[in-house]
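Student: Pasting my_file_21.csv below, which is CSV, C-alpha atoms.
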chain,number,residue,atom,x,y,z
A,1,MET,CA,96.2,67.8,125.4
A,2,ALA,CA,96.8,68.4,121.7
A,3,ASP,CA,100.3,69.4,120.7
A,4,THR,CA,99.6,73.2,120.5
A,5,GLY,CA,102.9,74.3,122.0
A,6,ARG,CA,102.8,77.2,124.5
A,7,ALA,CA,99.7,78.7,122.9
A,8,SER,CA,98.4,82.0,124.4
A,9,ILE,CA,94.7,82.4,125.4
A,10,LEU,CA,93.0,85.7,126.2
A,11,LEU,CA,90.2,85.3,128.7
A,12,VAL,CA,87.6,88.1,128.7
A,13,ASP,CA,85.0,87.9,131.5
A,14,ASP,CA,83.8,90.4,134.2
A,15,ASN,CA,83.2,87.6,136.6
A,16,THR,CA,86.3,87.2,138.7
A,17,ASN,CA,85.3,83.7,139.8
A,18,ASN,CA,85.0,82.5,136.2
A,19,LEU,CA,88.3,84.1,135.4
A,20,GLY,CA,90.1,82.5,138.3
A,21,VAL,CA,88.8,79.0,137.6
A,22,LEU,CA,89.7,79.2,133.9
A,23,TYR,CA,93.0,80.9,134.5
A,24,ARG,CA,94.2,78.2,136.9
A,25,TYR,CA,93.0,75.4,134.7
A,26,LEU,CA,94.5,76.6,131.5
A,27,ASP,CA,97.7,77.7,133.2
A,28,ASP,CA,98.1,74.1,134.6
A,29,GLU,CA,97.5,72.8,131.0
A,30,GLY,CA,100.5,74.7,129.8
A,31,PHE,CA,98.9,77.8,128.1
A,32,THR,CA,100.0,81.4,128.5
A,33,VAL,CA,96.9,83.1,129.8
A,34,LEU,CA,96.0,86.8,129.5
A,35,VAL,CA,92.9,88.3,131.2
A,36,SER,CA,90.6,91.2,130.7
A,37,GLN,CA,87.3,92.1,132.4
A,38,ASP,CA,86.0,94.5,129.7
A,39,GLY,CA,85.8,94.6,125.9
A,40,GLU,CA,87.9,97.8,125.5
A,41,ARG,CA,90.9,96.4,127.3
A,42,ALA,CA,90.5,93.0,125.5
A,43,LEU,CA,90.8,94.8,122.1
A,44,ARG,CA,94.0,96.5,123.2
A,45,LEU,CA,95.5,93.2,124.6
A,46,ALA,CA,94.5,91.4,121.4
A,47,ARG,CA,96.3,94.0,119.2
A,48,ASP,CA,99.4,94.2,121.4
A,49,GLN,CA,99.8,90.5,122.4
A,50,GLN,CA,98.3,88.6,119.4
A,51,PRO,CA,97.0,85.7,121.4
A,52,ASP,CA,96.3,82.4,119.6
A,53,LEU,CA,92.7,82.3,120.7
A,54,ILE,CA,90.2,84.5,122.7
A,55,LEU,CA,87.5,83.1,125.1
A,56,LEU,CA,85.0,85.9,125.2
A,57,ASP,CA,82.0,86.5,127.5
A,58,ILE,CA,79.0,88.3,126.0
A,59,MET,CA,77.6,90.2,129.0
A,60,LEU,CA,80.4,92.7,129.6
A,61,PRO,CA,80.3,96.2,131.1
A,62,GLY,CA,80.2,98.8,128.4
A,63,MET,CA,81.0,97.1,125.1
A,64,SER,CA,79.3,93.7,124.7
A,65,GLY,CA,81.1,90.6,123.6
A,66,PHE,CA,79.3,90.8,120.3
A,67,GLU,CA,80.5,94.3,119.7
A,68,ALA,CA,84.1,93.4,120.8
A,69,CYS,CA,84.1,90.4,118.4
A,70,ARG,CA,82.9,92.6,115.5
A,71,GLU,CA,85.7,95.1,116.2
A,72,LEU,CA,88.3,92.3,116.3
A,73,LYS,CA,87.2,91.0,113.0
A,74,ALA,CA,87.2,94.4,111.4
A,75,ASP,CA,90.8,95.0,112.4
A,76,ALA,CA,93.4,93.3,110.0
A,77,THR,CA,95.8,92.8,112.9
A,78,THR,CA,93.3,90.7,114.9
A,79,ALA,CA,90.9,89.4,112.3
A,80,ASP,CA,92.5,85.9,112.1
A,81,ILE,CA,92.4,85.3,115.9
A,82,PRO,CA,89.7,82.7,116.6
A,83,VAL,CA,87.0,83.8,119.1
A,84,ILE,CA,85.0,81.3,121.2
A,85,PHE,CA,82.0,82.8,123.0
A,86,ILE,CA,81.5,81.5,126.5
A,87,SER,CA,78.2,82.7,128.0
A,88,ALA,CA,75.2,82.0,130.2
A,89,LEU,CA,72.9,83.0,127.3
A,90,THR,CA,71.5,79.8,125.9
A,91,ASP,CA,68.9,81.1,123.4
A,92,LEU,CA,69.5,80.0,119.8
A,93,GLN,CA,69.3,83.6,118.6
A,94,ASP,CA,72.2,84.5,120.9
A,95,LYS,CA,74.3,81.7,119.4
A,96,VAL,CA,73.4,82.8,115.9
A,97,ARG,CA,74.4,86.4,116.8
A,98,GLY,CA,77.7,85.1,118.1
A,99,PHE,CA,78.5,83.3,114.9
A,100,GLY,CA,77.3,86.3,112.9
A,101,ALA,CA,79.7,88.5,114.8
A,102,GLY,CA,82.6,86.3,113.7
A,103,GLY,CA,82.9,83.7,116.5
A,104,VAL,CA,84.1,80.2,115.6
A,105,ASP,CA,82.4,78.4,118.5
A,106,TYR,CA,80.0,79.0,121.4
A,107,ILE,CA,80.1,77.4,124.9
A,108,THR,CA,77.3,77.8,127.4
A,109,LYS,CA,77.7,78.3,131.1
A,110,PRO,CA,78.0,76.4,133.4
A,111,PHE,CA,80.7,74.8,131.4
A,112,GLN,CA,82.8,71.6,131.8
A,113,GLN,CA,86.5,72.4,131.9
A,114,GLU,CA,87.3,69.4,129.7
A,115,GLU,CA,84.9,70.7,127.1
A,116,VAL,CA,86.5,74.1,127.1
A,117,LEU,CA,90.0,72.5,126.8
A,118,ALA,CA,88.9,70.3,123.9
A,119,ARG,CA,87.5,73.2,121.9
A,120,ILE,CA,90.5,75.4,122.6
A,121,ASN,CA,92.8,72.7,121.4
A,122,ALA,CA,90.8,72.1,118.3
A,123,HIS,CA,90.6,75.7,117.2
A,124,VAL,CA,94.3,76.5,118.1
A,125,THR,CA,95.3,73.5,116.0
A,126,ILE,CA,93.1,74.7,113.1
A,127,LYS,CA,94.6,78.2,113.4
A,128,ARG,CA,98.2,76.8,113.3
A,129,GLN,CA,97.4,74.5,110.4
A,130,ARG,CA,96.0,77.5,108.5
A,131,GLU,CA,99.1,79.5,109.2
A,132,GLU,CA,101.3,76.7,108.0
A,133,LEU,CA,99.2,76.4,104.8
A,134,ASP,CA,99.6,80.1,104.3
A,135,ARG,CA,103.4,79.8,104.7
A,136,LEU,CA,103.5,76.9,102.3
A,137,ASN,CA,101.5,78.8,99.7
A,138,ALA,CA,103.8,81.8,100.1
A,139,THR,CA,106.8,79.4,99.6
A,140,LYS,CA,105.2,78.0,96.5
A,141,ASP,CA,104.4,81.4,95.0
A,142,ARG,CA,108.0,82.6,95.7
A,143,LEU,CA,109.4,79.4,94.2
A,144,PHE,CA,107.3,79.8,91.0
A,145,SER,CA,108.3,83.5,90.8
A,146,VAL,CA,112.0,82.6,90.9
A,147,ILE,CA,111.7,79.7,88.4
A,148,GLY,CA,109.6,81.9,86.1
A,149,HIS,CA,111.6,85.0,86.2
A,150,ASP,CA,115.0,84.9,88.0
A,151,LEU,CA,116.0,81.6,86.4
A,152,ARG,CA,114.4,82.1,83.0
A,153,GLY,CA,116.2,85.4,82.4
A,154,PRO,CA,119.7,84.2,82.9
A,155,PHE,CA,119.1,81.1,80.8
A,156,MET,CA,117.8,83.2,77.9
A,157,GLY,CA,120.9,85.3,78.1
A,158,LEU,CA,123.1,82.2,78.1
A,159,LEU,CA,121.3,80.8,75.1
A,160,GLY,CA,121.5,84.1,73.2
A,161,ALA,CA,125.3,84.4,73.8
A,162,LEU,CA,125.8,80.7,72.8
A,163,GLU,CA,123.8,81.2,69.7
A,164,LEU,CA,126.0,84.2,68.7
A,165,LEU,CA,129.1,82.1,69.4
A,166,ARG,CA,127.8,79.2,67.4
A,167,ASP,CA,126.8,81.2,64.4
A,168,SER,CA,129.5,83.9,64.3
A,169,SER,CA,132.6,82.4,65.9
A,170,ASP,CA,134.4,82.1,62.5
A,171,ASP,CA,134.1,85.9,62.0
A,172,MET,CA,135.2,86.9,65.5
A,173,ASP,CA,138.7,87.9,66.4
A,174,SER,CA,140.3,86.0,69.3
A,175,ARG,CA,139.9,88.9,71.8
A,176,THR,CA,136.2,89.2,71.1
A,177,LYS,CA,135.8,85.5,71.4
A,178,HIS,CA,137.7,85.3,74.6
A,179,GLU,CA,135.6,88.1,76.1
A,180,LEU,CA,132.4,86.4,75.1
A,181,ILE,CA,133.5,83.1,76.6
A,182,ALA,CA,134.5,84.9,79.8
A,183,ASN,CA,131.1,86.6,80.0
A,184,LEU,CA,129.4,83.2,79.4
A,185,TYR,CA,131.3,81.6,82.2
A,186,GLU,CA,130.4,84.4,84.7
A,187,SER,CA,126.8,84.3,83.7
A,188,ALA,CA,126.7,80.5,84.1
A,189,GLU,CA,128.4,80.8,87.5
A,190,ARG,CA,125.8,83.3,88.7
A,191,THR,CA,123.0,81.2,87.4
A,192,TYR,CA,124.4,78.1,89.1
A,193,ARG,CA,124.7,80.1,92.4
A,194,LEU,CA,121.1,81.2,92.1
A,195,LEU,CA,120.0,77.6,91.4
A,196,GLU,CA,122.1,76.4,94.4
A,197,ASN,CA,120.4,79.0,96.6
A,198,LEU,CA,117.0,78.0,95.3
A,199,LEU,CA,117.5,74.3,96.0
A,200,GLU,CA,118.9,74.9,99.4
A,201,TRP,CA,116.1,77.3,100.3
A,202,SER,CA,113.5,74.9,99.1
A,203,ARG,CA,115.0,72.1,101.3
A,204,SER,CA,115.1,74.5,104.2
A,205,GLN,CA,111.4,75.3,103.8
A,206,GLN,CA,110.6,71.6,103.9
A,207,ARG,CA,112.7,71.2,107.0
A,208,ALA,CA,114.8,68.7,105.2
A,209,VAL,CA,118.0,70.3,106.5
A,210,GLU,CA,118.7,69.8,110.2
A,211,PRO,CA,121.5,71.7,111.9
A,212,HIS,CA,124.5,69.7,113.1
A,213,ARG,CA,126.0,72.1,115.6
A,214,ARG,CA,129.7,72.0,116.7
A,215,PRO,CA,132.4,74.6,117.3
A,216,VAL,CA,133.2,76.7,114.2
A,217,ALA,CA,136.2,79.0,114.0
A,218,VAL,CA,134.8,82.4,112.9
A,219,ARG,CA,138.0,83.8,111.4
A,220,GLU,CA,138.7,80.7,109.4
A,221,LEU,CA,135.1,80.8,108.1
A,222,ALA,CA,135.5,84.5,107.2
A,223,VAL,CA,138.8,83.9,105.3
A,224,ASP,CA,137.2,81.0,103.3
A,225,THR,CA,134.2,83.2,102.4
A,226,VAL,CA,136.3,86.2,101.4
A,227,GLN,CA,138.5,84.0,99.1
A,228,LEU,CA,135.3,83.0,97.1
A,229,PHE,CA,134.5,86.7,96.4
A,230,GLN,CA,138.0,88.2,96.2
A,231,GLY,CA,138.0,88.1,92.4
A,232,ALA,CA,134.6,89.8,92.0
A,233,ALA,CA,135.6,92.4,94.7
A,234,ARG,CA,138.9,93.1,93.0
A,235,GLN,CA,137.2,93.4,89.6
A,236,LYS,CA,134.9,96.1,91.1
A,237,GLY,CA,137.6,97.8,93.0
A,238,VAL,CA,136.1,96.9,96.4
A,239,SER,CA,138.3,96.2,99.3
A,240,VAL,CA,137.4,93.4,101.8
A,241,GLU,CA,138.8,93.4,105.3
A,242,ILE,CA,138.5,90.9,108.2
A,243,GLU,CA,138.6,92.1,111.8
A,244,VAL,CA,138.0,88.8,113.6
A,245,PRO,CA,140.3,87.7,116.5
A,246,ASP,CA,141.9,84.3,116.4
A,247,GLY,CA,140.3,81.6,118.6
A,248,LEU,CA,136.8,83.0,118.4
A,249,ALA,CA,134.3,80.2,117.8
A,250,VAL,CA,130.5,79.8,117.5
A,251,PHE,CA,128.5,76.7,118.3
A,252,ALA,CA,126.6,76.2,115.0
A,253,ASP,CA,126.2,74.1,111.8
A,254,ARG,CA,129.3,75.1,109.8
A,255,ASP,CA,127.6,74.5,106.4
A,256,MET,CA,124.6,76.6,107.4
A,257,ILE,CA,126.6,79.5,108.8
A,258,GLY,CA,128.9,79.3,105.8
A,259,THR,CA,125.9,79.7,103.5
A,260,VAL,CA,124.8,82.8,105.6
A,261,MET,CA,128.3,84.3,105.3
A,262,ARG,CA,128.5,83.7,101.6
A,263,ASN,CA,125.1,85.4,101.0
A,264,LEU,CA,126.0,88.4,103.2
A,265,VAL,CA,129.5,89.0,101.7
A,266,ASN,CA,128.1,88.4,98.2
A,267,ASN,CA,125.5,91.1,98.8
A,268,ALA,CA,127.9,93.5,100.4
A,269,VAL,CA,130.2,93.3,97.3
A,270,LYS,CA,127.3,93.5,95.0
A,271,PHE,CA,125.9,96.7,96.4
A,272,THR,CA,129.2,98.5,97.0
A,273,ARG,CA,130.5,100.9,94.4
A,274,PRO,CA,134.1,100.9,93.1
A,275,GLY,CA,136.4,102.3,95.7
A,276,GLY,CA,134.2,101.2,98.6
A,277,SER,CA,134.9,98.6,101.3
A,278,VAL,CA,133.4,95.6,103.0
A,279,THR,CA,134.4,94.7,106.6
A,280,ILE,CA,133.7,91.5,108.5
A,281,ARG,CA,133.9,92.0,112.3
A,282,ALA,CA,133.3,89.8,115.3
A,283,HIS,CA,133.6,89.8,119.1
A,284,ASP,CA,132.2,87.8,122.0
A,285,ARG,CA,130.4,88.7,125.2
A,286,ASP,CA,128.4,86.7,127.7
A,287,ALA,CA,128.6,83.4,125.8
A,288,ILE,CA,127.3,85.2,122.6
A,289,VAL,CA,129.3,86.0,119.5
A,290,ALA,CA,128.3,89.1,117.6
A,291,LEU,CA,129.3,89.0,113.9
A,292,GLU,CA,128.9,91.9,111.5
A,293,VAL,CA,129.2,92.2,107.7
A,294,CYS,CA,129.2,95.9,106.9
A,295,ASP,CA,129.7,97.8,103.6
A,296,THR,CA,130.0,101.3,102.4
A,297,GLY,CA,127.5,100.7,99.6
A,298,ILE,CA,124.3,102.2,98.3
A,299,GLY,CA,122.2,101.3,101.4
A,300,ILE,CA,118.6,100.3,101.7
A,301,ASP,CA,115.5,102.4,102.2
A,302,ALA,CA,113.2,101.8,105.1
A,303,GLU,CA,110.4,100.0,103.2
A,304,ALA,CA,112.8,97.5,101.5
A,305,ARG,CA,114.7,97.0,104.8
A,306,ASP,CA,111.6,96.0,106.6
A,307,ALA,CA,110.8,93.4,103.9
A,308,LEU,CA,114.2,91.8,103.6
A,309,PHE,CA,113.3,88.7,105.7
A,310,ASP,CA,109.6,88.6,104.8
A,311,LEU,CA,108.8,85.8,102.3
A,312,SER,CA,105.6,87.5,101.0
A,313,ARG,CA,107.5,90.8,100.3
A,314,ALA,CA,110.8,89.5,99.0
A,315,VAL,CA,113.0,92.3,97.7
A,316,THR,CA,115.2,92.0,94.6
A,317,ARG,CA,117.5,94.8,93.3
A,318,ALA,CA,120.3,95.0,90.8
A,319,GLY,CA,123.8,95.5,92.2
A,320,THR,CA,126.0,98.5,91.4
A,321,GLY,CA,127.6,96.5,88.6
A,322,GLY,CA,124.2,95.3,87.2
A,323,GLU,CA,124.4,92.0,89.2
A,324,LYS,CA,121.1,90.1,89.5
A,325,GLY,CA,119.6,88.5,92.5
A,326,SER,CA,116.5,86.6,93.6
A,327,GLY,CA,116.1,87.8,97.2
A,328,LEU,CA,116.3,84.2,98.3
A,329,GLY,CA,119.8,84.5,99.9
A,330,LEU,CA,118.6,86.7,102.8
A,331,LEU,CA,115.6,84.6,103.4
A,332,LEU,CA,117.8,81.5,103.6
A,333,ALA,CA,120.3,83.4,105.9
A,334,HIS,CA,117.5,84.4,108.2
A,335,ASP,CA,116.2,80.9,108.4
A,336,TYR,CA,119.6,79.3,109.1
A,337,VAL,CA,120.6,81.8,111.7
A,338,ILE,CA,117.3,81.3,113.6
A,339,ARG,CA,117.6,77.5,113.4
A,340,ASN,CA,121.1,77.8,114.9
A,341,GLY,CA,119.8,79.6,118.0
A,342,GLY,CA,120.8,83.1,116.8
A,343,THR,CA,119.4,86.4,115.6
A,344,ILE,CA,119.9,88.6,112.5
A,345,ASP,CA,119.1,92.2,111.9
A,346,VAL,CA,120.1,95.0,109.6
A,347,GLU,CA,121.0,98.7,109.9
A,348,SER,CA,121.0,100.7,106.7
A,349,ALA,CA,120.0,103.9,105.0
A,350,PRO,CA,120.2,105.0,101.4
A,351,GLY,CA,123.8,106.2,100.6
A,352,ASP,CA,125.1,105.2,104.1
A,353,GLY,CA,126.0,101.6,103.5
A,354,THR,CA,124.5,98.5,105.2
A,355,CYS,CA,125.4,96.4,108.3
A,356,PHE,CA,124.0,93.0,108.8
A,357,ARG,CA,124.5,91.9,112.5
A,358,LEU,CA,124.3,88.2,113.6
A,359,THR,CA,124.4,86.8,117.1
A,360,LEU,CA,125.2,83.1,117.6
A,361,PRO,CA,126.0,81.0,120.7
A,362,ALA,CA,129.7,81.0,121.5
A,363,ALA,CA,131.5,77.7,121.6
A,364,ALA,CA,132.1,76.6,125.2
A,365,VAL,CA,135.9,76.6,124.7
A,366,ARG,CA,137.8,79.0,122.5
A,367,GLN,CA,140.3,76.9,120.6
A,368,PRO,CA,142.6,78.7,118.1
A,369,ASN,CA,143.3,75.6,116.1
A,370,LEU,CA,139.8,74.4,115.5
What does the file become when written as structure tokens?
Tutor:
Amino acid sequence: MADTGRASILLVDDNTNNLGVLYRYLDDEGFTVLVSQDGERALRLARDQQPDLILLDIMLPGMSGFEACRELKADATTADIPVIFISALTDLQDKVRGFGAGGVDYITKPFQQEEVLARINAHVTIKRQREELDRLNATKDRLFSVIGHDLRGPFMGLLGALELLRDSSDDMDSRTKHELIANLYESAERTYRLLENLLEWSRSQQRAVEPHRRPVAVRELAVDTVQLFQGAARQKGVSVEIEVPDGLAVFADRDMIGTVMRNLVNNAVKFTRPGGSVTIRAHDRDAIVALEVCDTGIGIDAEARDALFDLSRAVTRAGTGGEKGSGLGLLLAHDYVIRNGGTIDVESAPGDGTCFRLTLPAAAVRQPNL
């Protein structure tokens, strides 16, 4: 069998004998198998379950297989699911109608199980290769967008300020010169952080970074992260609190989870107004550590919130102090948390602040001195 993972197949046939034979065979081959005996239920299952492939009989009660296939292809949520017709109709015109309705293949009954399996494997493989190509194209488009806009802008600002310093430094008083140099340093630091995120995210997309999981002390990680952003938080008048018990540890790659924490705390400070606060909390339950980074900032509307971890809809916003971002940090955080066996979600509303919540596997033994 081809390496198609635990692919899901929807079988649609009103003949219970055919269903039973195919169900047992495909289940034994490692597929997740869904069944329907009519077209209407098949459409509902396809929309709800999003199978990797549909084996569709033509002669069904009520809606025919041709009609069901046309409806599947007309619906954006199911249009990309490959459909293989499997029918006793052997006439060439029926086969042409099947391909015209949107089918990718046609198998005639009585069928050989090995033939069905070979065609399923081929089309599931093609579908997954197409999905991977779409993902790579989205990655490429996002990469070019960041290089063309998010990096170009900061460098233009740096060059402009350096030009001013080069041409007018003799006419500047020491205070003005000092402020300009300080601004240059901060701009260079932000640009470097963006470039670092960009390179790390690119490596992540190429699967060049593999997690090396071990016990990681959560409080120690939180303290190290807060120290990095204490200056920026103090400058904005934002307080940062840590509410993490000693001895709490996750089983994860420290560098990856450190990157996640840096991005979340950086965002929290960025989108919190002066006088607001950022809080890092954690607790464990049932071998899982729940970690939260919450702020009292400007919040996120529903549309932007739903797109935070979507590569094709990456969201960028200026912070409350005009800070710039590329949107890559949250994409990278999402990828690293998932690859360490965890989950990440967000709760937010405009004006009500934001809470990012992670879950990660707890380390087997809590050791305060990790």
Student: Could you pull the residues within 12 Å of Phe251 of chain A, counting all atoms listed in the file, minus those fewer than 4 positions along the same chain, as a PyMOL selection string?
Tutor: chain A and resi 211-218+256-257+287-289+337+339-342+359-366+370
Student: Could the residues in this selection be written to a file with C-alpha atoms, as a PDB file, keeping the file's coordinate frame?
Tutor:
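Saved to again-v3.pdb:
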ATOM      1  CA  PRO A 211     121.500  71.700 111.900  1.00  0.00           C
ATOM      2  CA  HIS A 212     124.500  69.700 113.100  1.00  0.00           C
ATOM      3  CA  ARG A 213     126.000  72.100 115.600  1.00  0.00           C
ATOM      4  CA  ARG A 214     129.700  72.000 116.700  1.00  0.00           C
ATOM      5  CA  PRO A 215     132.400  74.600 117.300  1.00  0.00           C
ATOM      6  CA  VAL A 216     133.200  76.700 114.200  1.00  0.00           C
ATOM      7  CA  ALA A 217     136.200  79.000 114.000  1.00  0.00           C
ATOM      8  CA  VAL A 218     134.800  82.400 112.900  1.00  0.00           C
ATOM      9  CA  MET A 256     124.600  76.600 107.400  1.00  0.00           C
ATOM     10  CA  ILE A 257     126.600  79.500 108.800  1.00  0.00           C
ATOM     11  CA  ALA A 287     128.600  83.400 125.800  1.00  0.00           C
ATOM     12  CA  ILE A 288     127.300  85.200 122.600  1.00  0.00           C
ATOM     13  CA  VAL A 289     129.300  86.000 119.500  1.00  0.00           C
ATOM     14  CA  VAL A 337     120.600  81.800 111.700  1.00  0.00           C
ATOM     15  CA  ARG A 339     117.600  77.500 113.400  1.00  0.00           C
ATOM     16  CA  ASN A 340     121.100  77.800 114.900  1.00  0.00           C
ATOM     17  CA  GLY A 341     119.800  79.600 118.000  1.00  0.00           C
ATOM     18  CA  GLY A 342     120.800  83.100 116.800  1.00  0.00           C
ATOM     19  CA  THR A 359     124.400  86.800 117.100  1.00  0.00           C
ATOM     20  CA  LEU A 360     125.200  83.100 117.600  1.00  0.00           C
ATOM     21  CA  PRO A 361     126.000  81.000 120.700  1.00  0.00           C
ATOM     22  CA  ALA A 362     129.700  81.000 121.500  1.00  0.00           C
ATOM     23  CA  ALA A 363     131.500  77.700 121.600  1.00  0.00           C
ATOM     24  CA  ALA A 364     132.100  76.600 125.200  1.00  0.00           C
ATOM     25  CA  VAL A 365     135.900  76.600 124.700  1.00  0.00           C
ATOM     26  CA  ARG A 366     137.800  79.000 122.500  1.00  0.00           C
ATOM     27  CA  LEU A 370     139.800  74.400 115.500  1.00  0.00           C
TER      28      LEU A 370
END
Student: Please compute the atom CA of Ile300 of chain A-atom CA of Val244 of chain A distance, one decimal, in Å.
Tutor: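 Going from atom CA of Ile300 of chain A over to atom CA of Val244 of chain A, I get 25.5 Å.
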Student: Could you tell me how far atom CA of Ala252 of chain A sits from atom CA of Val293 of chain A, in Å to one decimal place?
Tutor: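 So the answer is 17.8 Å.
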Student: Which of these residues is nearest to Leu195 of chain A, using all atoms listed in the file: A:Phe155, A:Asp13, A:Val124, A:Arg234?
Tutor: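 Closest to Leu195 of chain A, using all atoms listed in the file: A:Phe155.
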Student: I want to know what sits within 8 Å of segment 158-167 of chain A, based on only C-alpha atoms, with residues of the same chain fewer than 4 positions away left out; could you give that as a ChimeraX atom specification?
Tutor: /A:154,177,180,184,187-188
Student: Just how far from atom CA of Ile298 of chain A is atom CA of Phe271 of chain A, in Å to one decimal?
Tutor: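 Rounded to one decimal, the two atoms are 6.0 Å apart.
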Student: Between A:Thr77, A:Gly103, A:Val116, A:Leu308, which has the minimum distance to Tyr25 of chain A (counting all atoms listed in the file)?
Tutor: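 Closest candidate: A:Val116.
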Student: Find the residues around Lys109 of chain A up to 8 Å (only C-alpha atoms counted), leave out those fewer than 3 positions away in its own chain, and share them as a PyMOL selection string.
Tutor: chain A and resi 86-89
Student: Give the answer as one residue: which of A:Arg285, A:Gly276, A:Val35, A:Met261 has the shortest atom-to-atom distance to Phe356 of chain A, using all atoms listed in the file?
Tutor: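 So, comparing all the options, the nearest one is A:Met261.
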Student: Could you name the residues that touch segment 42-56 of chain A at 7 Å or less, counting all atoms listed in the file, but leaving out those on the same chain fewer than 5 positions away, as a list in words?
Tutor: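 My reading of the contact set: Ala7, Ser8, Ile9, Leu10, Leu11, Val12, Asp13, Ser36, Gly65, Ala68, Leu72, Thr77, Thr78, Ile81, Pro82, Val83, Ile84, Phe85, Ile86 and Val124 of chain A.
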Student: Might you pull out every residue within 10 Å of Asn15 of chain A, with only C-alpha atoms counted and same-chain residues fewer than 2 positions away left off, and present them as number ranges by chain?
Tutor: A: 12-13, 17-20, 37, 57, 59-60
Student: Only C-alpha atoms, please: the residues just picked out, written as a tab-separated table (two decimals), keeping the file's coordinate frame.
Tutor:
chain	number	residue	atom	x	y	z
A	12	VAL	CA	87.60	88.10	128.70
A	13	ASP	CA	85.00	87.90	131.50
A	17	ASN	CA	85.30	83.70	139.80
A	18	ASN	CA	85.00	82.50	136.20
A	19	LEU	CA	88.30	84.10	135.40
A	20	GLY	CA	90.10	82.50	138.30
A	37	GLN	CA	87.30	92.10	132.40
A	57	ASP	CA	82.00	86.50	127.50
A	59	MET	CA	77.60	90.20	129.00
A	60	LEU	CA	80.40	92.70	129.60
Student: I need the residue nearest Ala333 of chain A from this list: A:Glu115, A:Asp345, A:Glu29, A:Glu220. Use all atoms listed in the file for the distance.
Tutor: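 Looking only at the distances to Ala333 of chain A, the closest residue turns out to be A:Asp345.
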